[in-house]
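Undergrad: I'm passing along model24.txt; it holds compact mmCIF, C-alpha atoms.
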# COMPACT_ATOMS: atom_id res chain seq x y z
CA MET A 26 -23.76 -16.20 -18.92
CA ARG A 27 -24.25 -18.08 -15.67
CA TRP A 28 -20.56 -19.01 -15.80
CA VAL A 29 -19.57 -15.33 -15.85
CA ALA A 30 -21.94 -14.34 -13.07
CA GLU A 31 -21.66 -17.36 -10.79
CA SER A 32 -18.20 -18.92 -10.99
CA ASP A 33 -15.58 -17.50 -8.61
CA PHE A 34 -13.28 -16.23 -11.32
CA GLY A 35 -15.55 -15.82 -14.37
CA TYR A 36 -16.51 -12.24 -13.58
CA PRO A 37 -13.00 -10.94 -12.64
CA ILE A 38 -11.47 -12.68 -15.69
CA VAL A 39 -13.94 -10.99 -18.03
CA LEU A 40 -13.36 -7.64 -16.25
CA THR A 41 -9.59 -8.09 -16.61
CA SER A 42 -9.95 -8.82 -20.34
CA HIS A 43 -12.03 -5.64 -20.62
CA ALA A 44 -9.21 -3.62 -18.98
CA ILE A 45 -6.54 -5.13 -21.26
CA GLY A 46 -8.66 -4.53 -24.36
CA MET A 47 -9.14 -0.93 -23.21
CA ALA A 48 -5.38 -0.48 -22.81
CA LEU A 49 -4.89 -1.67 -26.43
CA VAL A 50 -7.70 0.30 -28.14
CA VAL A 51 -7.63 3.49 -26.11
CA GLY A 52 -3.84 3.38 -25.75
CA ILE A 53 -3.18 3.15 -29.49
CA LEU A 54 -5.92 5.65 -30.38
CA LEU A 55 -4.53 8.15 -27.84
CA MET A 56 -1.03 7.79 -29.33
CA PHE A 57 -2.46 8.29 -32.84
CA ASP A 58 -4.33 11.41 -31.67
CA LEU A 59 -1.19 12.72 -29.94
CA ARG A 60 0.78 12.18 -33.17
CA VAL A 61 -1.82 14.16 -35.15
CA LEU A 62 -1.54 16.89 -32.50
CA GLY A 63 2.24 17.04 -33.06
CA VAL A 64 3.98 14.49 -30.78
CA GLY A 65 6.77 12.70 -32.68
CA ALA A 66 6.11 14.94 -35.69
CA SER A 67 8.90 13.38 -37.75
CA ILE A 68 7.03 10.05 -37.90
CA PRO A 69 4.73 10.06 -40.96
CA ILE A 70 1.10 9.79 -39.80
CA THR A 71 0.47 7.00 -42.29
CA ALA A 72 3.27 4.93 -40.68
CA ILE A 73 1.65 5.19 -37.23
CA ARG A 74 -1.41 3.50 -38.75
CA ALA A 75 0.57 0.23 -38.70
CA TYR A 76 -0.38 0.00 -35.02
CA PHE A 77 -4.11 -0.02 -35.82
CA ARG A 78 -4.02 -3.83 -36.04
CA ILE A 79 -3.33 -3.84 -32.30
CA ALA A 80 -6.21 -1.45 -31.67
CA TRP A 81 -8.54 -3.69 -33.72
CA ALA A 82 -7.47 -6.72 -31.68
CA GLY A 83 -8.22 -4.76 -28.50
CA LEU A 84 -11.61 -3.76 -29.88
CA VAL A 85 -12.52 -7.41 -30.55
CA VAL A 86 -11.53 -8.32 -26.96
CA ASN A 87 -13.62 -5.46 -25.61
CA VAL A 88 -16.71 -6.11 -27.68
CA CYS A 89 -16.65 -9.77 -26.58
CA SER A 90 -15.97 -9.05 -22.89
CA GLY A 91 -18.36 -6.09 -22.97
CA VAL A 92 -21.21 -8.20 -24.37
CA LEU A 93 -20.61 -10.83 -21.64
CA LEU A 94 -20.69 -8.16 -18.90
CA PHE A 95 -23.80 -6.61 -20.47
CA LEU A 96 -25.70 -9.92 -20.63
CA ILE A 97 -25.22 -10.57 -16.88
CA ASN A 98 -27.79 -7.90 -16.15
CA TYR A 99 -28.92 -6.35 -19.40
CA THR A 100 -32.20 -4.94 -18.13
CA ALA A 101 -30.33 -2.92 -15.51
CA PHE A 102 -27.73 -1.75 -18.04
CA LEU A 103 -30.39 -0.63 -20.51
CA HIS A 104 -31.82 1.68 -17.84
CA ASN A 105 -28.43 2.89 -16.63
CA ALA A 106 -27.66 6.45 -17.73
CA ALA A 107 -23.88 5.99 -17.27
CA PHE A 108 -23.92 2.86 -19.47
CA LEU A 109 -25.95 4.54 -22.21
CA THR A 110 -23.62 7.55 -22.06
CA LYS A 111 -20.56 5.28 -22.34
CA ILE A 112 -21.96 3.46 -25.39
CA SER A 113 -22.89 6.76 -27.07
CA LEU A 114 -19.43 8.23 -26.39
CA LEU A 115 -17.73 5.10 -27.77
CA ALA A 116 -19.90 5.18 -30.92
CA ALA A 117 -19.02 8.86 -31.36
CA ALA A 118 -15.30 8.13 -30.76
CA GLY A 119 -15.47 5.42 -33.45
CA ILE A 120 -17.05 7.80 -35.97
CA VAL A 121 -14.61 10.62 -35.14
CA SER A 122 -11.62 8.23 -35.47
CA TRP A 123 -12.89 7.11 -38.87
CA LEU A 124 -13.29 10.74 -39.99
CA LEU A 125 -9.81 11.51 -38.63
CA VAL A 126 -8.18 8.62 -40.52
CA ARG A 127 -9.90 9.82 -43.70
CA ARG A 128 -8.84 13.41 -43.08
CA VAL A 129 -5.15 12.65 -42.47
CA SER A 130 -4.92 10.56 -45.64
CA GLN A 131 -5.99 13.64 -47.68
CA ALA A 132 -4.77 16.67 -45.74
CA ALA A 133 -1.23 17.89 -45.08
CA ASP A 134 0.44 17.14 -41.74
CA GLY A 135 -0.54 19.80 -39.21
CA ASP A 136 -3.99 20.32 -40.77
CA ARG A 137 -6.23 22.23 -38.35
CA ARG A 138 -9.35 20.18 -38.94
CA ALA A 139 -7.41 16.95 -38.31
CA LYS A 140 -6.12 18.40 -35.03
CA LEU A 141 -9.65 19.35 -33.99
CA LEU A 142 -10.85 15.79 -34.72
CA ALA A 143 -7.91 14.34 -32.74
CA GLY A 144 -8.70 16.59 -29.77
CA LEU A 145 -12.37 15.62 -29.96
CA CYS A 146 -11.43 11.93 -30.10
CA ILE A 147 -9.31 12.26 -26.90
CA PHE A 148 -12.22 14.06 -25.20
CA LEU A 149 -14.69 11.30 -26.17
CA LEU A 150 -12.33 8.48 -25.05
CA VAL A 151 -11.71 10.15 -21.68
CA GLY A 152 -15.48 10.64 -21.37
CA ALA A 153 -16.09 6.94 -22.06
CA ILE A 154 -13.59 5.98 -19.31
CA VAL A 155 -15.29 8.37 -16.87
CA ALA A 156 -18.77 7.02 -17.73
CA GLY A 157 -17.50 3.44 -17.51
CA ARG A 158 -16.16 3.99 -13.99
CA ILE A 159 -19.49 5.54 -12.93
CA ILE A 160 -21.30 2.34 -14.06
CA GLY A 161 -19.43 0.47 -11.31
CA TYR A 162 -20.97 2.78 -8.72
CA THR A 163 -24.51 2.77 -10.10
CA SER A 164 -25.33 -0.78 -11.24
CA VAL A 165 -23.25 -3.49 -9.64
CA PRO A 166 -24.25 -6.96 -10.88
CA GLU A 167 -24.96 -9.76 -8.39
CA MET B 8 8.07 1.26 12.20
CA ASN B 9 6.48 -1.93 10.95
CA LEU B 10 4.07 -2.44 8.06
CA SER B 11 0.88 -2.31 10.10
CA SER B 12 1.81 0.97 11.78
CA ILE B 13 2.59 2.51 8.38
CA ALA B 14 -0.78 1.22 7.13
CA ALA B 15 -2.56 2.71 10.16
CA TRP B 16 -0.79 6.04 9.67
CA MET B 17 -1.83 6.07 5.98
CA GLY B 18 -5.43 5.30 6.86
CA GLN B 19 -5.54 8.14 9.40
CA SER B 20 -3.87 10.67 7.09
CA TRP B 21 -5.97 13.51 5.69
CA LEU B 22 -5.67 11.91 2.24
CA GLY B 23 -7.08 8.61 3.47
CA GLN B 24 -9.90 10.35 5.34
CA ALA B 25 -10.79 12.50 2.32
CA ALA B 26 -10.79 9.47 -0.01
CA ARG B 27 -13.20 7.63 2.30
CA GLU B 28 -15.46 10.48 3.33
CA VAL B 29 -15.80 12.70 0.24
CA PHE B 30 -17.93 10.60 -2.09
CA TRP B 31 -16.39 11.70 -5.40
CA VAL B 32 -12.70 11.42 -4.47
CA PHE B 33 -12.38 7.64 -4.90
CA PRO B 34 -14.25 7.34 -8.25
CA VAL B 35 -12.47 10.37 -9.73
CA THR B 36 -9.13 8.88 -8.65
CA GLU B 37 -10.13 5.64 -10.39
CA MET B 38 -10.82 7.58 -13.60
CA PHE B 39 -7.29 9.02 -13.48
CA HIS B 40 -5.87 5.55 -12.79
CA PHE B 41 -7.59 4.12 -15.90
CA LEU B 42 -6.55 7.03 -18.11
CA GLY B 43 -2.95 6.77 -16.84
CA LEU B 44 -3.01 3.05 -17.65
CA CYS B 45 -4.03 3.80 -21.26
CA LEU B 46 -1.27 6.43 -21.65
CA LEU B 47 1.42 4.15 -20.21
CA MET B 48 0.35 1.07 -22.16
CA GLY B 49 -0.33 2.96 -25.41
CA ALA B 50 3.12 4.56 -25.44
CA MET B 51 4.82 1.30 -24.44
CA LEU B 52 3.04 -0.53 -27.29
CA VAL B 53 4.32 2.04 -29.80
CA VAL B 54 7.93 1.81 -28.55
CA ASP B 55 8.22 -1.85 -27.55
CA LEU B 56 6.40 -3.35 -30.53
CA ARG B 57 8.64 -1.39 -32.91
CA LEU B 58 11.72 -2.67 -31.05
CA LEU B 59 10.33 -6.20 -31.40
CA GLY B 60 10.11 -5.77 -35.17
CA PHE B 61 6.49 -4.65 -35.63
CA ALA B 62 5.59 -1.52 -37.71
CA ARG B 63 8.98 -1.44 -39.44
CA GLN B 64 7.96 1.59 -41.55
CA VAL B 65 8.08 3.69 -38.34
CA SER B 66 11.52 5.14 -37.55
CA ILE B 67 12.89 3.21 -34.58
CA LYS B 68 14.38 6.27 -32.84
CA GLN B 69 11.32 8.44 -33.45
CA THR B 70 9.18 6.07 -31.38
CA LEU B 71 11.22 7.25 -28.36
CA LYS B 72 9.34 10.58 -28.65
CA PHE B 73 6.32 8.80 -27.16
CA ILE B 74 8.14 7.85 -23.95
CA PRO B 75 7.12 11.07 -22.11
CA ALA B 76 3.47 9.97 -22.52
CA ALA B 77 4.36 6.74 -20.71
CA GLY B 78 6.11 8.73 -17.98
CA ILE B 79 3.05 10.94 -17.48
CA GLY B 80 0.81 7.85 -17.35
CA LEU B 81 3.07 6.14 -14.81
CA ALA B 82 3.23 9.28 -12.63
CA MET B 83 -0.59 9.58 -12.74
CA ASN B 84 -0.92 5.97 -11.67
CA VAL B 85 1.62 6.08 -8.85
CA LEU B 86 -0.11 9.18 -7.42
CA SER B 87 -3.67 7.85 -7.84
CA GLY B 88 -2.56 4.47 -6.51
CA MET B 89 -1.30 6.20 -3.33
CA VAL B 90 -4.81 7.63 -2.83
CA PHE B 91 -6.34 4.11 -2.99
CA LEU B 92 -3.70 2.83 -0.59
CA CYS B 93 -4.30 5.64 1.93
CA ALA B 94 -8.08 5.17 1.67
CA TYR B 95 -8.12 1.44 2.52
CA PRO B 96 -4.60 0.32 3.51
CA GLU B 97 -6.01 -2.79 5.21
CA ASN B 98 -7.34 -4.01 1.82
CA TYR B 99 -3.99 -3.70 0.09
CA TRP B 100 -1.02 -4.39 2.36
CA PRO B 101 -2.05 -7.92 3.40
CA SER B 102 -3.09 -8.89 -0.16
CA THR B 103 -0.75 -11.23 -2.06
CA ALA B 104 -2.01 -9.81 -5.36
CA PHE B 105 -1.08 -6.29 -4.19
CA ARG B 106 2.42 -7.36 -3.13
CA PHE B 107 3.03 -9.04 -6.48
CA LYS B 108 1.69 -5.93 -8.21
CA LEU B 109 4.20 -3.75 -6.29
CA LEU B 110 6.97 -6.19 -7.21
CA ALA B 111 5.93 -6.09 -10.89
CA ILE B 112 5.85 -2.26 -10.83
CA ALA B 113 9.35 -2.22 -9.29
CA ILE B 114 10.64 -4.54 -12.03
CA GLY B 115 8.90 -2.42 -14.70
CA GLY B 116 10.42 0.75 -13.24
CA LEU B 117 13.95 -0.69 -13.07
CA ASN B 118 13.57 -2.04 -16.60
CA ALA B 119 12.52 1.44 -17.78
CA LEU B 120 15.55 3.01 -16.04
CA TRP B 121 17.81 0.44 -17.70
CA PHE B 122 16.18 1.29 -21.04
CA LYS B 123 16.73 5.03 -20.53
CA GLN B 124 20.37 4.61 -19.43
CA PHE B 125 21.63 1.88 -21.73
CA GLU B 126 19.19 1.11 -24.59
CA GLY B 127 17.92 4.59 -25.51
CA PRO B 128 21.37 6.00 -26.45
CA ARG B 129 22.10 2.91 -28.59
CA ILE B 130 18.76 3.22 -30.39
CA GLU B 131 19.23 6.96 -31.08
CA VAL B 132 22.15 6.19 -33.41
CA LEU B 133 20.37 3.47 -35.42
CA ALA B 134 19.09 3.98 -38.96
CA ASP B 135 15.33 4.64 -39.27
CA ASP B 136 14.52 1.18 -40.60
CA ALA B 137 17.02 -0.70 -38.39
CA ASP B 138 16.14 -3.78 -36.40
CA ALA B 139 16.91 -3.68 -32.67
CA ASP B 140 19.42 -6.20 -31.32
CA LEU B 141 18.49 -9.05 -29.02
CA ARG B 142 19.35 -7.14 -25.84
CA ALA B 143 16.98 -4.28 -26.69
CA LYS B 144 14.30 -6.78 -27.73
CA ILE B 145 14.52 -8.52 -24.36
CA VAL B 146 14.08 -5.19 -22.54
CA ALA B 147 11.08 -4.36 -24.79
CA ALA B 148 9.43 -7.76 -24.29
CA LEU B 149 9.95 -7.56 -20.52
CA SER B 150 8.38 -4.09 -20.48
CA LEU B 151 5.20 -5.21 -22.31
CA PHE B 152 4.94 -8.38 -20.21
CA VAL B 153 5.42 -6.62 -16.86
CA TRP B 154 2.89 -3.83 -17.53
CA LEU B 155 0.31 -6.38 -18.70
CA VAL B 156 0.88 -8.35 -15.48
CA VAL B 157 0.39 -5.10 -13.52
CA ILE B 158 -3.00 -4.53 -15.22
CA VAL B 159 -4.09 -8.12 -14.56
CA LEU B 160 -3.04 -8.08 -10.88
CA GLY B 161 -4.66 -4.68 -10.36
CA ARG B 162 -7.97 -5.77 -11.80
CA LEU B 163 -7.97 -9.10 -9.91
CA LEU B 164 -6.89 -7.52 -6.61
CA PRO B 165 -10.36 -6.82 -5.13
CA TYR B 166 -11.54 -10.35 -5.96
CA VAL B 167 -8.42 -12.21 -4.80
CA SER B 168 -8.30 -10.41 -1.42
CA LYS B 169 -12.00 -11.02 -0.90
CA SER B 170 -11.66 -14.78 -1.33
CA SER B 171 -8.50 -15.09 0.79
CA SER B 172 -9.93 -13.31 3.84
Go ahead and express the file in the form of structure tokens.
TA:
Amino acid sequence: MRWVAESDFGYPIVLTSHAIGMALVVGILLMFDLRVLGVGASIPITAIRAYFRIAWAGLVVNVCSGVLLFLINYTAFLHNAAFLTKISLLAAAGIVSWLLVRRVSQAADGDRRAKLLAGLCIFLLVGAIVAGRIIGYTSVPE
Amino acid sequence: MNLSSIAAWMGQSWLGQAAREVFWVFPVTEMFHFLGLCLLMGAMLVVDLRLLGFARQVSIKQTLKFIPAAGIGLAMNVLSGMVFLCAYPENYWPSTAFRFKLLAIAIGGLNALWFKQFEGPRIEVLADDADADLRAKIVAALSLFVWLVVIVLGRLLPYVSKSSS
């Protein structure tokens, strides 16, 4: 942890990994949600799931980089409302995505409940980005 | 007009003043910049990875339907990036990381124009399960590489300029 906090490039490298991981997970999930909402409607929803491997890879990068960032100053993070909000929103986005994947494998394309879940997932992901940015203004490590 | 007078003019503009003085403008602009990044990168992953041979069960021409999402993301990021630049031009113009980021964005933009003009029409006529040819694969690989470089340079920018000053 001291490497991340104290070396010149440790902290920015971990932050950069966190941004790339975000682009992979949130990017792919947003495209999946957009597909459920009707973008590219001639692509079967099940086919789009092929990209989930990329989202999983991004999630691994972000859990690892996120844990490193958290450990730099975990007492501050645990008392930071923006951080706790971000974690809750991400947990909710994970659950909603899981429900959505289950729903689309059973329901017909264009199903209203699937669309509601996709809309909710977009809302939660945008919320997590907003909360994450606020962390930078409320609890800056070092 | 030289670079420093343009920078000074940007800093004095109403946009620059608002971004510095109204406390929520800068963070809200950052939120848009991050969301735009996810839209651009997400759509490019869907299109470019399919061109490179990934997710073969997805129709190659149907992936092009996601390109507008990339366009919206790029537009969001150019606009929000202008706000950052007007707020603190002195932090960006002299920075090597910023100049390389601009260069990378220019290459990414030209590559996207090339794709729209010359690759898109050739992909539209392919069969759903077709493999793209080498030329299209090179354009796709360049697109993914350049946008990743843009993310890296953007995130490193505040740290690189700090250490060089």
Undergrad: Find the residues around segment 90-104 of chain A up to 6 Å (all atoms listed in the file counted), leave out those fewer than 3 positions away in its own chain, and share them as an NGL selection string.
TA: :A and (39 or 43 or 87)
Undergrad: Can you tell me, as a tab-separated table (two decimals) with C-alpha atoms, in the frame of the given file, which residues sit within 8 Å of (7.8, 2.8, -37.7) in the file's frame, using only C-alpha atoms?
TA:
chain	number	residue	atom	x	y	z
A	68	ILE	CA	7.03	10.05	-37.90
A	72	ALA	CA	3.27	4.93	-40.68
A	73	ILE	CA	1.65	5.19	-37.23
A	75	ALA	CA	0.57	0.23	-38.70
B	57	ARG	CA	8.64	-1.39	-32.91
B	61	PHE	CA	6.49	-4.65	-35.63
B	62	ALA	CA	5.59	-1.52	-37.71
B	63	ARG	CA	8.98	-1.44	-39.44
B	64	GLN	CA	7.96	1.59	-41.55
B	65	VAL	CA	8.08	3.69	-38.34
B	66	SER	CA	11.52	5.14	-37.55
B	67	ILE	CA	12.89	3.21	-34.58
B	69	GLN	CA	11.32	8.44	-33.45
B	70	THR	CA	9.18	6.07	-31.38
B	135	ASP	CA	15.33	4.64	-39.27
B	136	ASP	CA	14.52	1.18	-40.60
Undergrad: With a cut-off of 8 Å and counting all atoms listed in the file, select all residues of chain A in contact with chain B and give the selection as a ChimeraX atom specification.
TA: /A:37-38,40-41,44-45,47-49,51-56,64-65,67-69,72-73,75-76,151,154-155,158-159
Undergrad: Take the residues that were just selected and, keeping C-alpha atoms, output them as an mmCIF file, in the coordinates of the input.
TA:
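The resulting file, out_11.cif, is reproduced below:
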data_model
loop_
_atom_site.group_PDB
_atom_site.id
_atom_site.type_symbol
_atom_site.label_atom_id
_atom_site.label_comp_id
_atom_site.auth_asym_id
_atom_site.auth_seq_id
_atom_site.Cartn_x
_atom_site.Cartn_y
_atom_site.Cartn_z
ATOM 1 C CA PRO A 37 -13.000 -10.940 -12.640
ATOM 2 C CA ILE A 38 -11.470 -12.680 -15.690
ATOM 3 C CA LEU A 40 -13.360 -7.640 -16.250
ATOM 4 C CA THR A 41 -9.590 -8.090 -16.610
ATOM 5 C CA ALA A 44 -9.210 -3.620 -18.980
ATOM 6 C CA ILE A 45 -6.540 -5.130 -21.260
ATOM 7 C CA MET A 47 -9.140 -0.930 -23.210
ATOM 8 C CA ALA A 48 -5.380 -0.480 -22.810
ATOM 9 C CA LEU A 49 -4.890 -1.670 -26.430
ATOM 10 C CA VAL A 51 -7.630 3.490 -26.110
ATOM 11 C CA GLY A 52 -3.840 3.380 -25.750
ATOM 12 C CA ILE A 53 -3.180 3.150 -29.490
ATOM 13 C CA LEU A 54 -5.920 5.650 -30.380
ATOM 14 C CA LEU A 55 -4.530 8.150 -27.840
ATOM 15 C CA MET A 56 -1.030 7.790 -29.330
ATOM 16 C CA VAL A 64 3.980 14.490 -30.780
ATOM 17 C CA GLY A 65 6.770 12.700 -32.680
ATOM 18 C CA SER A 67 8.900 13.380 -37.750
ATOM 19 C CA ILE A 68 7.030 10.050 -37.900
ATOM 20 C CA PRO A 69 4.730 10.060 -40.960
ATOM 21 C CA ALA A 72 3.270 4.930 -40.680
ATOM 22 C CA ILE A 73 1.650 5.190 -37.230
ATOM 23 C CA ALA A 75 0.570 0.230 -38.700
ATOM 24 C CA TYR A 76 -0.380 0.000 -35.020
ATOM 25 C CA VAL A 151 -11.710 10.150 -21.680
ATOM 26 C CA ILE A 154 -13.590 5.980 -19.310
ATOM 27 C CA VAL A 155 -15.290 8.370 -16.870
ATOM 28 C CA ARG A 158 -16.160 3.990 -13.990
ATOM 29 C CA ILE A 159 -19.490 5.540 -12.930
#
Undergrad: Applying 7 Å and all atoms listed in the file, which residues near Ala156 of chain A remain after dropping the ones on its own chain fewer than 4 positions away? List them as a ChimeraX atom specification.
TA: /A:107-108,110-111,152,160
Undergrad: Restricting it to C-alpha atoms, dump the selection as an mmCIF file, in the frame of the given file.
TA:
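Full text of result_9.cif as output:
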data_model
loop_
_atom_site.group_PDB
_atom_site.id
_atom_site.type_symbol
_atom_site.label_atom_id
_atom_site.label_comp_id
_atom_site.auth_asym_id
_atom_site.auth_seq_id
_atom_site.Cartn_x
_atom_site.Cartn_y
_atom_site.Cartn_z
ATOM 1 C CA ALA A 107 -23.880 5.990 -17.270
ATOM 2 C CA PHE A 108 -23.920 2.860 -19.470
ATOM 3 C CA THR A 110 -23.620 7.550 -22.060
ATOM 4 C CA LYS A 111 -20.560 5.280 -22.340
ATOM 5 C CA GLY A 152 -15.480 10.640 -21.370
ATOM 6 C CA ILE A 160 -21.300 2.340 -14.060
#
Undergrad: Counting only C-alpha atoms, figure out which residue out of A:Gly157, A:Gly46, A:Gly35, A:Gly144 gets nearest to Ala106 of chain A.
TA: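 For Ala106 of chain A, the nearest of the candidates is A:Gly157.
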Undergrad: Identify which of the residues A:Leu150, A:Val50, A:Leu142, A:Val88 lies closest to Trp123 of chain A, counting all atoms listed in the file when measuring atom-to-atom distances.
TA: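 Among the listed residues, A:Leu142 lies closest to Trp123 of chain A.
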Undergrad: When you draw a straight line from atom CA of Gly18 of chain B to atom CA of Ala94 of chain B, how long is it in Å?
TA: 5.8 Å
Undergrad: Please give the centre and size of the box around segment 130-145 of chain A (axis-aligned, containing every atom listed in the file, 4 Å added per side), with values in Å to one decimal and written as AutoDock Vina command-line options.
TA:
--center_x -6.0 --center_y 16.4 --center_z -38.7 --size_x 20.8 --size_y 19.7 --size_z 25.9
Undergrad: Need the shell around Gly88 of chain B: protein/DNA/RNA residues with any atom at most 9 Å away, counting only C-alpha atoms. Skip same-chain ones fewer than 5 positions apart. Format as a PyMOL selection string?
TA: chain B and resi 36-37+40+83+93
Undergrad: Please work out which residues fall within 12 Å of (11.8, -1.0, -22.2), coordinates as given in the file, with only C-alpha atoms counting, and return them as a PDB file with C-alpha atoms, in the frame of the given file.
TA:
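Full text of point.pdb as output:
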ATOM      1  CA  LEU B  47       1.420   4.150 -20.210  1.00  0.00           C
ATOM      2  CA  MET B  48       0.350   1.070 -22.160  1.00  0.00           C
ATOM      3  CA  ALA B  50       3.120   4.560 -25.440  1.00  0.00           C
ATOM      4  CA  MET B  51       4.820   1.300 -24.440  1.00  0.00           C
ATOM      5  CA  LEU B  52       3.040  -0.530 -27.290  1.00  0.00           C
ATOM      6  CA  VAL B  53       4.320   2.040 -29.800  1.00  0.00           C
ATOM      7  CA  VAL B  54       7.930   1.810 -28.550  1.00  0.00           C
ATOM      8  CA  ASP B  55       8.220  -1.850 -27.550  1.00  0.00           C
ATOM      9  CA  LEU B  56       6.400  -3.350 -30.530  1.00  0.00           C
ATOM     10  CA  ARG B  57       8.640  -1.390 -32.910  1.00  0.00           C
ATOM     11  CA  LEU B  58      11.720  -2.670 -31.050  1.00  0.00           C
ATOM     12  CA  LEU B  59      10.330  -6.200 -31.400  1.00  0.00           C
ATOM     13  CA  THR B  70       9.180   6.070 -31.380  1.00  0.00           C
ATOM     14  CA  LEU B  71      11.220   7.250 -28.360  1.00  0.00           C
ATOM     15  CA  ILE B  74       8.140   7.850 -23.950  1.00  0.00           C
ATOM     16  CA  ALA B  77       4.360   6.740 -20.710  1.00  0.00           C
ATOM     17  CA  ILE B 114      10.640  -4.540 -12.030  1.00  0.00           C
ATOM     18  CA  GLY B 115       8.900  -2.420 -14.700  1.00  0.00           C
ATOM     19  CA  GLY B 116      10.420   0.750 -13.240  1.00  0.00           C
ATOM     20  CA  LEU B 117      13.950  -0.690 -13.070  1.00  0.00           C
ATOM     21  CA  ASN B 118      13.570  -2.040 -16.600  1.00  0.00           C
ATOM     22  CA  ALA B 119      12.520   1.440 -17.780  1.00  0.00           C
ATOM     23  CA  LEU B 120      15.550   3.010 -16.040  1.00  0.00           C
ATOM     24  CA  TRP B 121      17.810   0.440 -17.700  1.00  0.00           C
ATOM     25  CA  PHE B 122      16.180   1.290 -21.040  1.00  0.00           C
ATOM     26  CA  LYS B 123      16.730   5.030 -20.530  1.00  0.00           C
ATOM     27  CA  GLN B 124      20.370   4.610 -19.430  1.00  0.00           C
ATOM     28  CA  PHE B 125      21.630   1.880 -21.730  1.00  0.00           C
ATOM     29  CA  GLU B 126      19.190   1.110 -24.590  1.00  0.00           C
ATOM     30  CA  GLY B 127      17.920   4.590 -25.510  1.00  0.00           C
ATOM     31  CA  ILE B 130      18.760   3.220 -30.390  1.00  0.00           C
ATOM     32  CA  ALA B 139      16.910  -3.680 -32.670  1.00  0.00           C
ATOM     33  CA  ARG B 142      19.350  -7.140 -25.840  1.00  0.00           C
ATOM     34  CA  ALA B 143      16.980  -4.280 -26.690  1.00  0.00           C
ATOM     35  CA  LYS B 144      14.300  -6.780 -27.730  1.00  0.00           C
ATOM     36  CA  ILE B 145      14.520  -8.520 -24.360  1.00  0.00           C
ATOM     37  CA  VAL B 146      14.080  -5.190 -22.540  1.00  0.00           C
ATOM     38  CA  ALA B 147      11.080  -4.360 -24.790  1.00  0.00           C
ATOM     39  CA  ALA B 148       9.430  -7.760 -24.290  1.00  0.00           C
ATOM     40  CA  LEU B 149       9.950  -7.560 -20.520  1.00  0.00           C
ATOM     41  CA  SER B 150       8.380  -4.090 -20.480  1.00  0.00           C
ATOM     42  CA  LEU B 151       5.200  -5.210 -22.310  1.00  0.00           C
ATOM     43  CA  PHE B 152       4.940  -8.380 -20.210  1.00  0.00           C
ATOM     44  CA  VAL B 153       5.420  -6.620 -16.860  1.00  0.00           C
ATOM     45  CA  TRP B 154       2.890  -3.830 -17.530  1.00  0.00           C
TER      46      TRP B 154
END
Undergrad: What does the structure give for the distance between atom CA of Ala139 of chain A and atom CA of Gly63 of chain A, in Å to one decimal?
TA: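 Between these atoms lies a distance of 11.0 Å.
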Undergrad: Since the input is missing atoms, can you rebuild N, CA and C atoms for segment 62-73 of chain A and write them as a CSV table (one decimal), keeping the file's coordinate frame?
TA:
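Printed below is rebuild_13.csv as written:
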chain,number,residue,atom,x,y,z
A,62,LEU,N,-1.7,15.6,-33.2
A,62,LEU,CA,-1.5,16.9,-32.5
A,62,LEU,C,-0.1,17.4,-32.4
A,63,GLY,N,0.9,16.5,-32.9
A,63,GLY,CA,2.2,17.0,-33.1
A,63,GLY,C,3.3,16.3,-32.3
A,64,VAL,N,3.0,15.3,-31.5
A,64,VAL,CA,4.0,14.5,-30.8
A,64,VAL,C,4.7,13.6,-31.8
A,65,GLY,N,6.0,13.6,-31.8
A,65,GLY,CA,6.8,12.7,-32.7
A,65,GLY,C,6.5,13.1,-34.1
A,66,ALA,N,6.6,14.4,-34.4
A,66,ALA,CA,6.1,14.9,-35.7
A,66,ALA,C,6.9,14.4,-36.9
A,67,SER,N,8.1,13.9,-36.6
A,67,SER,CA,8.9,13.4,-37.8
A,67,SER,C,8.5,12.0,-38.2
A,68,ILE,N,7.6,11.3,-37.4
A,68,ILE,CA,7.0,10.0,-37.9
A,68,ILE,C,5.9,10.4,-38.8
A,69,PRO,N,5.9,9.8,-40.1
A,69,PRO,CA,4.7,10.1,-41.0
A,69,PRO,C,3.5,9.5,-40.3
A,70,ILE,N,2.4,10.2,-40.4
A,70,ILE,CA,1.1,9.8,-39.8
A,70,ILE,C,0.7,8.4,-40.4
A,71,THR,N,0.9,8.3,-41.7
A,71,THR,CA,0.5,7.0,-42.3
A,71,THR,C,1.2,5.8,-41.7
A,72,ALA,N,2.5,6.0,-41.3
A,72,ALA,CA,3.3,4.9,-40.7
A,72,ALA,C,2.7,4.5,-39.3
A,73,ILE,N,2.2,5.5,-38.5
A,73,ILE,CA,1.6,5.2,-37.2
A,73,ILE,C,0.4,4.3,-37.4
